[in-house]
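Read the structure below first, then the notes.
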Amino acid sequence: MNFQRKKTMPRYFLVTFLLTMAGVCAVAKAIYTMTIDREYYMEMKGSLVKQGRKLPAKRGNILSCDGRVMAASLPQYKLYIDFMSSEKDTLRRQKDQLRRDSLLKQFIDTLCLGMHQHFPDIDPAKLKEHLLKGREAKSRCWPVYVQAVTSLKLKKNENRQISYVDYAKVNKLPLFNLKSTLNAVEVNLRKRLYGDLASRTIGYFNDSARYGLELTFDSVLAGKPGTFHYEKVMDKKVKVVDKEAEDGYDVMTTIDIGMQEICEQALKEQLTELQAVLGVCIVMEVATGDIKAMSSMQRRSDGTYHEDWASAVTDLYEPGSVFKPQSFLVAFDDGYLTGNEKVDVHGGIHKFGNSAMKDHNYYSGGYGVLTTQQIIGFSSNVGVSVLIDKFYHNNPKAFVDGLHRIGSAEDLKIPLEGYKKPRIRYPGQGTYWSATTLPWMSIGYETQIAPINTINFYNGLANNGKLLRPRLVKALLKDGKVVKEYPVTVLREHMAKPAAVDSVKKCLEYVTTRGGGTRALSKDFTCAGKTGTAQVYSGKGFTQEYFISFVGYFPAENPKYTCIVNIRKAAPAYGGVMCAPVFKRVSEAIMARNHLDDYTAARDTTSYGKTIACAGNLQVYKSLLPQLGVQPTGVGNVPWGQLDVRQNHAAVSPWTSQKQKMPNVAGFGLRDAVNCLESQGLRVRVKGVGRVTHQSVAVGTPVKKGQVVELTLGHPSNTKTTHTAAQPAAQPKPQKTDTVSQTPAPTPKKDKKTEASTTAKAQATTNKKKTSKQQA
């Protein structure tokens with residue numbers, strides 16, 4: 001066979017050469033990857049192969065009773081800037097880096113000024129210096145909004161979070177709008193949308209739940225996290241979800257935002273005025289037991305008041321006189337009290353063992369014979385303790401059993417961390433029991449009860465003896481649909497016999513109408529309640545502070561809401577004087593929110609009332625009255641005057657002005673009256689709203705330029721045709737009366753004054769000092 005060497009060998013050499021070059025290229029690429037690209041692939045290694053990364057779930061919201069969001073997880077962003085090029089090719093990376101540096105130099109001043117406009121606390125000069133340090137450090141993840149560039153008190157190296165709206169604006173700034181320059185890390189921030197409103201009830205969450213409903217319902221709010229991993233697709237990291245996360249449930253509370261704001265504002269203002277240590281205000285709905293508002297304010301070192309702990313449910317206090325109705329309810333239910341009893345309190349002092357029980361007014365003679373209603377109404381310690389000791393002295397266990405029976409010692413299981421159930425002594429169970437224990441317990445001492453338990457008892461009375469568990473959470477929701485509902489829980493269908501409950505309710509009504517709680521009574525509706533004052537003893541046994549209270553329900557004849565107000569402060573301290581006004585303000589504001597006006601007589605496009613007589617600019621009325629079916633007669637070109645509307649016709653009385661004499665602006669609107677008077681060179685002061693009803697300078701009186709005229713505005717029906725200078729009405733001198741003497745109660749033994757009138761005016765002028773001494 002003839003081998004064609006000249007043609008075959010070059011072909012072999014060519015194939016060999018190509019294979020050799022391919023091998024050399026492969027080795028060269030391997031060397032390049034192990035040396036030049038080693039750092040890049042080492043960085044990618046962990047992110048590409050790591051499996052099972054945690055995919056966080058969206059935390060559920062906390063809602064008010066009407067579905068408004070009170071706490072939610074909102075996306076926040078931390079800003080980082082990448083100064084270095086990420087190109088893999090050396091030449092391309094050098095070129096891209098040069099471009100980045102030139103743009104940084106060109107736009108850094110504009111960028112810093114833009115950041116200052118969006119965030120005024122940022123100092124442009126400090127931000128510029130901070131960014132240049134990042135470039136010098138060749139950082140690829142340099143924080144932008146840190147302590148070094150702002151006047152805010154941030155932690156060292158803490159990168160401040162901004163909202164999505166701010167992030168969208170910042171992303172449009174020069175340099176930041178370039179691709180791969182600005183990096184934002186999304187962080188879900190838990191935020192209370194109404195600020196500090198009900199802050200202790202809602203709770204706090206920052207990486208973990210700390211207290212409040214955020215802690216109690218943390219497991220259902222948090223949801224269940226999923227998993228994901230990254231995969232490399234087309235030279236890019238792609239996030240692949242292995243298991244979807246389950247978002248948390250929404251928690252719907254019973255809190256009414258409007259009522260909560262009313263309570264906090266009224267309580268805070270009163271605490272600030274009294275310089276008290278702390279205060280509590282709770283509002284419950286009678287029919288359901290829903291907690292509509294709950295506020296616990298404590299004074300800080302700077303004198304301001306904030307909710308630092310939920311003292312409404314966590315602090316146990318000796319309740320004082322607000323416990324007396326509970327003692328009487330037991331006695332009424334056991335048949336010992338009938339409501340017709342009369343007790344001689346012997347001037348307000350009675351000895352039990354070696355201790356003397358005293359009324360608040362014993363030093364001025366005290367009371368004589370009191371009925372059961374007057375005992376509660378005037379909060380007589382001696383009256384209550386004498387009766388309870390008389391009925392249960394030989395069997396104190398029956399009295400304590402009665403307290404448990406009516407629900408005074410009930411564990412309410414409030415879903416807030418730190419709630420403590422009442423502590424009530426029980427004879428024969430290792431607790432100290434003496435001859436003074438029963439009488440002192442009957443008036444609210446030697447027992448410890450949280451404010452939430454006290455208001456729950458009164459809510460049961462308002463509900464005609466049906467005791468409910470206070471409800472703070474109504475339901476759990478998922479995508480707006482109810483997943484789990486928390487129904488109303490009945491603890492006692494009947495706290496006591498209906499007659500016993502009615503008897504105690506009559507005593508509470510006596511407190512607000514003729515007793516020590518008259519300051520809680522509104523002129524628009526009735527209420528019933530009880531005052532309370534309890535001494536808070538120090539470790540050495542001396543009284544340093546008082547825990548004062550007023551708790552009641554409104555309206556008295558058909559209760560809708562129950563409210564308690566507690567204040568802890570130094571002497572002087574009186575529940576009826578200092579807590580009852582807060583109760584009144586809260587109750588009036590709540591009733592005003594629920595008031596519905598009758599609009600059946602309101603004017604609309606098809607119905608309007610009789611046109612009233614007007615005064616002022618007649619040219620305006622000339623064009624307006626025909627639209628109302630009224631024909632102005634004799635208006636002509638008269639600029640100012642009085643209109644008298646009769647049978648769809650308006651007669652004109654022209655207004656004439658004499659220089660340097662006071663004109664008659666009766667019935668004028670404010671704008672017209674000011675126009676007329678200032679044209680005379682007069683200065684005008686105004687009070688009220690509506691039309692002019694009075695003017696301080698009589699009509700026709702000589703006036704001077706610059707003279708002040710005071711106008712009183714009101715309803716047109718109050719307008720007078722003649723005006724004289726305003727004279728202050730003589731006020732009757734207030735009569736010094738005593739709150740006790742305004743009632744059928746007997747006067748103190750050492751006081752022989754006659755009873756004062758029970759009219760409203762006499763009650764309004766009651767001597768403040770004597771009234772305050774009679775509060776429990």
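Each chain in the structure tokens gets a letter, A, B, ..., in the order shown, and its residues are numbered from 1; ligands are numbered from 1 in order too.
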
Residues flagged alpha helix (DSSP H) by DSSP in segment 184-311 of chain A, as an MDAnalysis selection string
chainID A and resid 199:202 212:216 218:222 257:274 311

Next, the residues of the selection above should be written as a short mmCIF file (atom, residue, chain, number, x, y, z; two decimals), in the first residue's frame with N, CA, C and O atoms.
```cif
data_model
loop_
_atom_site.label_atom_id
_atom_site.label_comp_id
_atom_site.auth_asym_id
_atom_site.auth_seq_id
_atom_site.Cartn_x
_atom_site.Cartn_y
_atom_site.Cartn_z
N SER A 199 -49.84 51.72 75.18
CA SER A 199 -48.57 51.07 74.87
C SER A 199 -48.31 49.84 75.73
O SER A 199 -47.78 48.84 75.25
N ARG A 200 -48.68 49.90 77.01
CA ARG A 200 -48.41 48.76 77.88
C ARG A 200 -49.36 47.61 77.61
O ARG A 200 -49.03 46.44 77.83
N THR A 201 -50.55 47.92 77.15
CA THR A 201 -51.51 46.87 76.80
C THR A 201 -51.10 46.18 75.50
O THR A 201 -51.10 44.95 75.41
N ILE A 202 -50.74 46.96 74.49
CA ILE A 202 -50.31 46.39 73.21
C ILE A 202 -49.02 45.63 73.38
O ILE A 202 -48.86 44.51 72.91
N GLY A 212 -46.96 42.77 77.36
CA GLY A 212 -48.24 43.07 76.75
C GLY A 212 -48.76 41.95 75.86
O GLY A 212 -48.34 40.79 75.94
N LEU A 213 -49.71 42.31 74.99
CA LEU A 213 -50.28 41.32 74.07
C LEU A 213 -49.25 40.80 73.09
O LEU A 213 -49.38 39.68 72.59
N GLU A 214 -48.22 41.58 72.79
CA GLU A 214 -47.14 41.10 71.91
C GLU A 214 -46.49 39.85 72.50
O GLU A 214 -46.10 38.94 71.77
N LEU A 215 -46.39 39.81 73.83
CA LEU A 215 -45.78 38.66 74.49
C LEU A 215 -46.80 37.54 74.67
O LEU A 215 -46.51 36.37 74.38
N THR A 216 -47.99 37.88 75.12
CA THR A 216 -49.00 36.84 75.40
C THR A 216 -49.36 36.06 74.14
O THR A 216 -49.51 34.84 74.17
N ASP A 218 -47.54 35.94 71.30
CA ASP A 218 -46.36 35.92 70.44
C ASP A 218 -46.37 34.74 69.48
O ASP A 218 -46.02 34.87 68.31
N SER A 219 -46.82 33.59 69.94
CA SER A 219 -46.77 32.39 69.10
C SER A 219 -47.71 32.49 67.90
O SER A 219 -47.39 32.01 66.81
N VAL A 220 -48.88 33.12 68.08
CA VAL A 220 -49.82 33.23 66.96
C VAL A 220 -49.52 34.45 66.09
O VAL A 220 -49.82 34.46 64.89
N LEU A 221 -48.91 35.48 66.67
CA LEU A 221 -48.54 36.66 65.89
C LEU A 221 -47.33 36.38 65.00
O LEU A 221 -47.23 36.89 63.88
N ALA A 222 -46.39 35.57 65.51
CA ALA A 222 -45.12 35.35 64.81
C ALA A 222 -45.28 34.54 63.54
O ALA A 222 -44.52 34.73 62.58
N ILE A 257 -60.07 53.05 70.38
CA ILE A 257 -59.01 54.06 70.31
C ILE A 257 -59.49 55.41 70.84
O ILE A 257 -58.77 56.11 71.56
N GLY A 258 -60.73 55.78 70.50
CA GLY A 258 -61.26 57.05 70.98
C GLY A 258 -61.37 57.09 72.49
O GLY A 258 -60.97 58.07 73.13
N MET A 259 -61.91 56.04 73.10
CA MET A 259 -62.03 55.99 74.56
C MET A 259 -60.67 55.95 75.23
O MET A 259 -60.46 56.55 76.29
N GLN A 260 -59.73 55.22 74.62
CA GLN A 260 -58.39 55.14 75.19
C GLN A 260 -57.74 56.52 75.23
O GLN A 260 -57.11 56.90 76.22
N GLU A 261 -57.91 57.27 74.17
CA GLU A 261 -57.34 58.61 74.13
C GLU A 261 -58.00 59.52 75.16
O GLU A 261 -57.33 60.33 75.80
N ILE A 262 -59.31 59.39 75.34
CA ILE A 262 -60.02 60.19 76.34
C ILE A 262 -59.48 59.90 77.73
O ILE A 262 -59.19 60.82 78.51
N CYS A 263 -59.33 58.63 78.06
CA CYS A 263 -58.86 58.24 79.39
C CYS A 263 -57.43 58.72 79.65
O CYS A 263 -57.14 59.28 80.71
N GLU A 264 -56.56 58.51 78.69
CA GLU A 264 -55.16 58.89 78.89
C GLU A 264 -55.01 60.40 79.04
O GLU A 264 -54.25 60.88 79.89
N GLN A 265 -55.74 61.16 78.23
CA GLN A 265 -55.63 62.61 78.30
C GLN A 265 -56.16 63.14 79.63
O GLN A 265 -55.52 63.97 80.28
N ALA A 266 -57.34 62.67 80.04
CA ALA A 266 -57.93 63.14 81.29
C ALA A 266 -57.07 62.74 82.49
O ALA A 266 -56.86 63.54 83.41
N LEU A 267 -56.58 61.52 82.48
CA LEU A 267 -55.76 61.05 83.60
C LEU A 267 -54.43 61.79 83.67
O LEU A 267 -54.00 62.22 84.75
N LYS A 268 -53.79 61.96 82.53
CA LYS A 268 -52.48 62.62 82.53
C LYS A 268 -52.58 64.07 83.01
O LYS A 268 -51.73 64.53 83.77
N GLU A 269 -53.62 64.78 82.59
CA GLU A 269 -53.78 66.16 83.02
C GLU A 269 -54.01 66.25 84.52
O GLU A 269 -53.48 67.14 85.19
N GLN A 270 -54.81 65.34 85.07
CA GLN A 270 -55.06 65.37 86.51
C GLN A 270 -53.82 65.00 87.29
O GLN A 270 -53.51 65.62 88.33
N LEU A 271 -53.07 64.00 86.84
CA LEU A 271 -51.84 63.61 87.53
C LEU A 271 -50.82 64.74 87.51
O LEU A 271 -50.13 64.98 88.50
N THR A 272 -50.73 65.44 86.39
CA THR A 272 -49.78 66.56 86.29
C THR A 272 -50.16 67.67 87.25
O THR A 272 -49.29 68.27 87.91
N GLU A 273 -51.45 67.94 87.36
CA GLU A 273 -51.90 69.00 88.26
C GLU A 273 -51.65 68.63 89.72
O GLU A 273 -51.25 69.48 90.52
N LEU A 274 -51.86 67.36 90.07
CA LEU A 274 -51.70 66.91 91.45
C LEU A 274 -50.28 66.51 91.79
O LEU A 274 -49.97 66.32 92.96
N SER A 311 -49.82 48.83 85.83
CA SER A 311 -50.22 48.78 87.24
C SER A 311 -51.70 48.50 87.41
O SER A 311 -52.13 48.11 88.49
#
```

Which parts of segment 273-428 of chain A does DSSP call strand (DSSP E) when run on the backbone here, written out as a VMD selection string?
chain A and resid 278 to 285 291 to 299 305 to 306 342 to 344 349 to 352 355 to 358 369 to 371 423 to 424

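Reported to one decimal place, the separation of atom CA of Ala499 of chain A from atom CA of Gly516 of chain A is 24.3 Å.
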
Just the residues within 8 Å of Ala148 of chain A, please, counting only C-alpha atoms, with nothing from its chain fewer than 4 positions along; format it as a PyMOL selection string.
chain A and resi 126-127+130

Save the residues we just selected, all heavy atoms, as a short mmCIF file (atom, residue, chain, number, x, y, z; two decimals), in the first residue's frame?
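Written file, again-v8.cif:
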```cif
data_model
loop_
_atom_site.label_atom_id
_atom_site.label_comp_id
_atom_site.auth_asym_id
_atom_site.auth_seq_id
_atom_site.Cartn_x
_atom_site.Cartn_y
_atom_site.Cartn_z
N LYS A 126 -20.15 66.36 57.39
CA LYS A 126 -19.79 65.12 58.07
C LYS A 126 -20.10 63.91 57.19
O LYS A 126 -19.34 62.93 57.19
CB LYS A 126 -20.55 65.00 59.39
CG LYS A 126 -20.11 65.99 60.45
CD LYS A 126 -20.86 65.76 61.76
CE LYS A 126 -20.39 66.71 62.85
NZ LYS A 126 -21.12 66.49 64.11
N LEU A 127 -21.19 63.97 56.43
CA LEU A 127 -21.52 62.87 55.53
C LEU A 127 -20.47 62.72 54.44
O LEU A 127 -20.07 61.60 54.10
CB LEU A 127 -22.91 63.09 54.92
CG LEU A 127 -23.37 62.02 53.93
CD1 LEU A 127 -23.42 60.64 54.58
CD2 LEU A 127 -24.73 62.37 53.34
N HIS A 130 -17.47 61.13 55.87
CA HIS A 130 -17.73 59.72 56.15
C HIS A 130 -17.68 58.88 54.87
O HIS A 130 -17.11 57.78 54.87
CB HIS A 130 -19.12 59.60 56.80
CG HIS A 130 -19.59 58.20 57.01
ND1 HIS A 130 -19.04 57.34 57.94
CD2 HIS A 130 -20.57 57.49 56.37
CE1 HIS A 130 -19.64 56.18 57.89
NE2 HIS A 130 -20.58 56.23 56.95
#
```

Do you have the atom CA of Gln298 of chain A-atom CA of Ala450 of chain A distance handy?
15.8 Å

Using only C-alpha atoms: which of A:Thr227, A:Asn394, A:Ser522, A:Thr371 has the shortest distance to Ala589 of chain A
A:Ser522
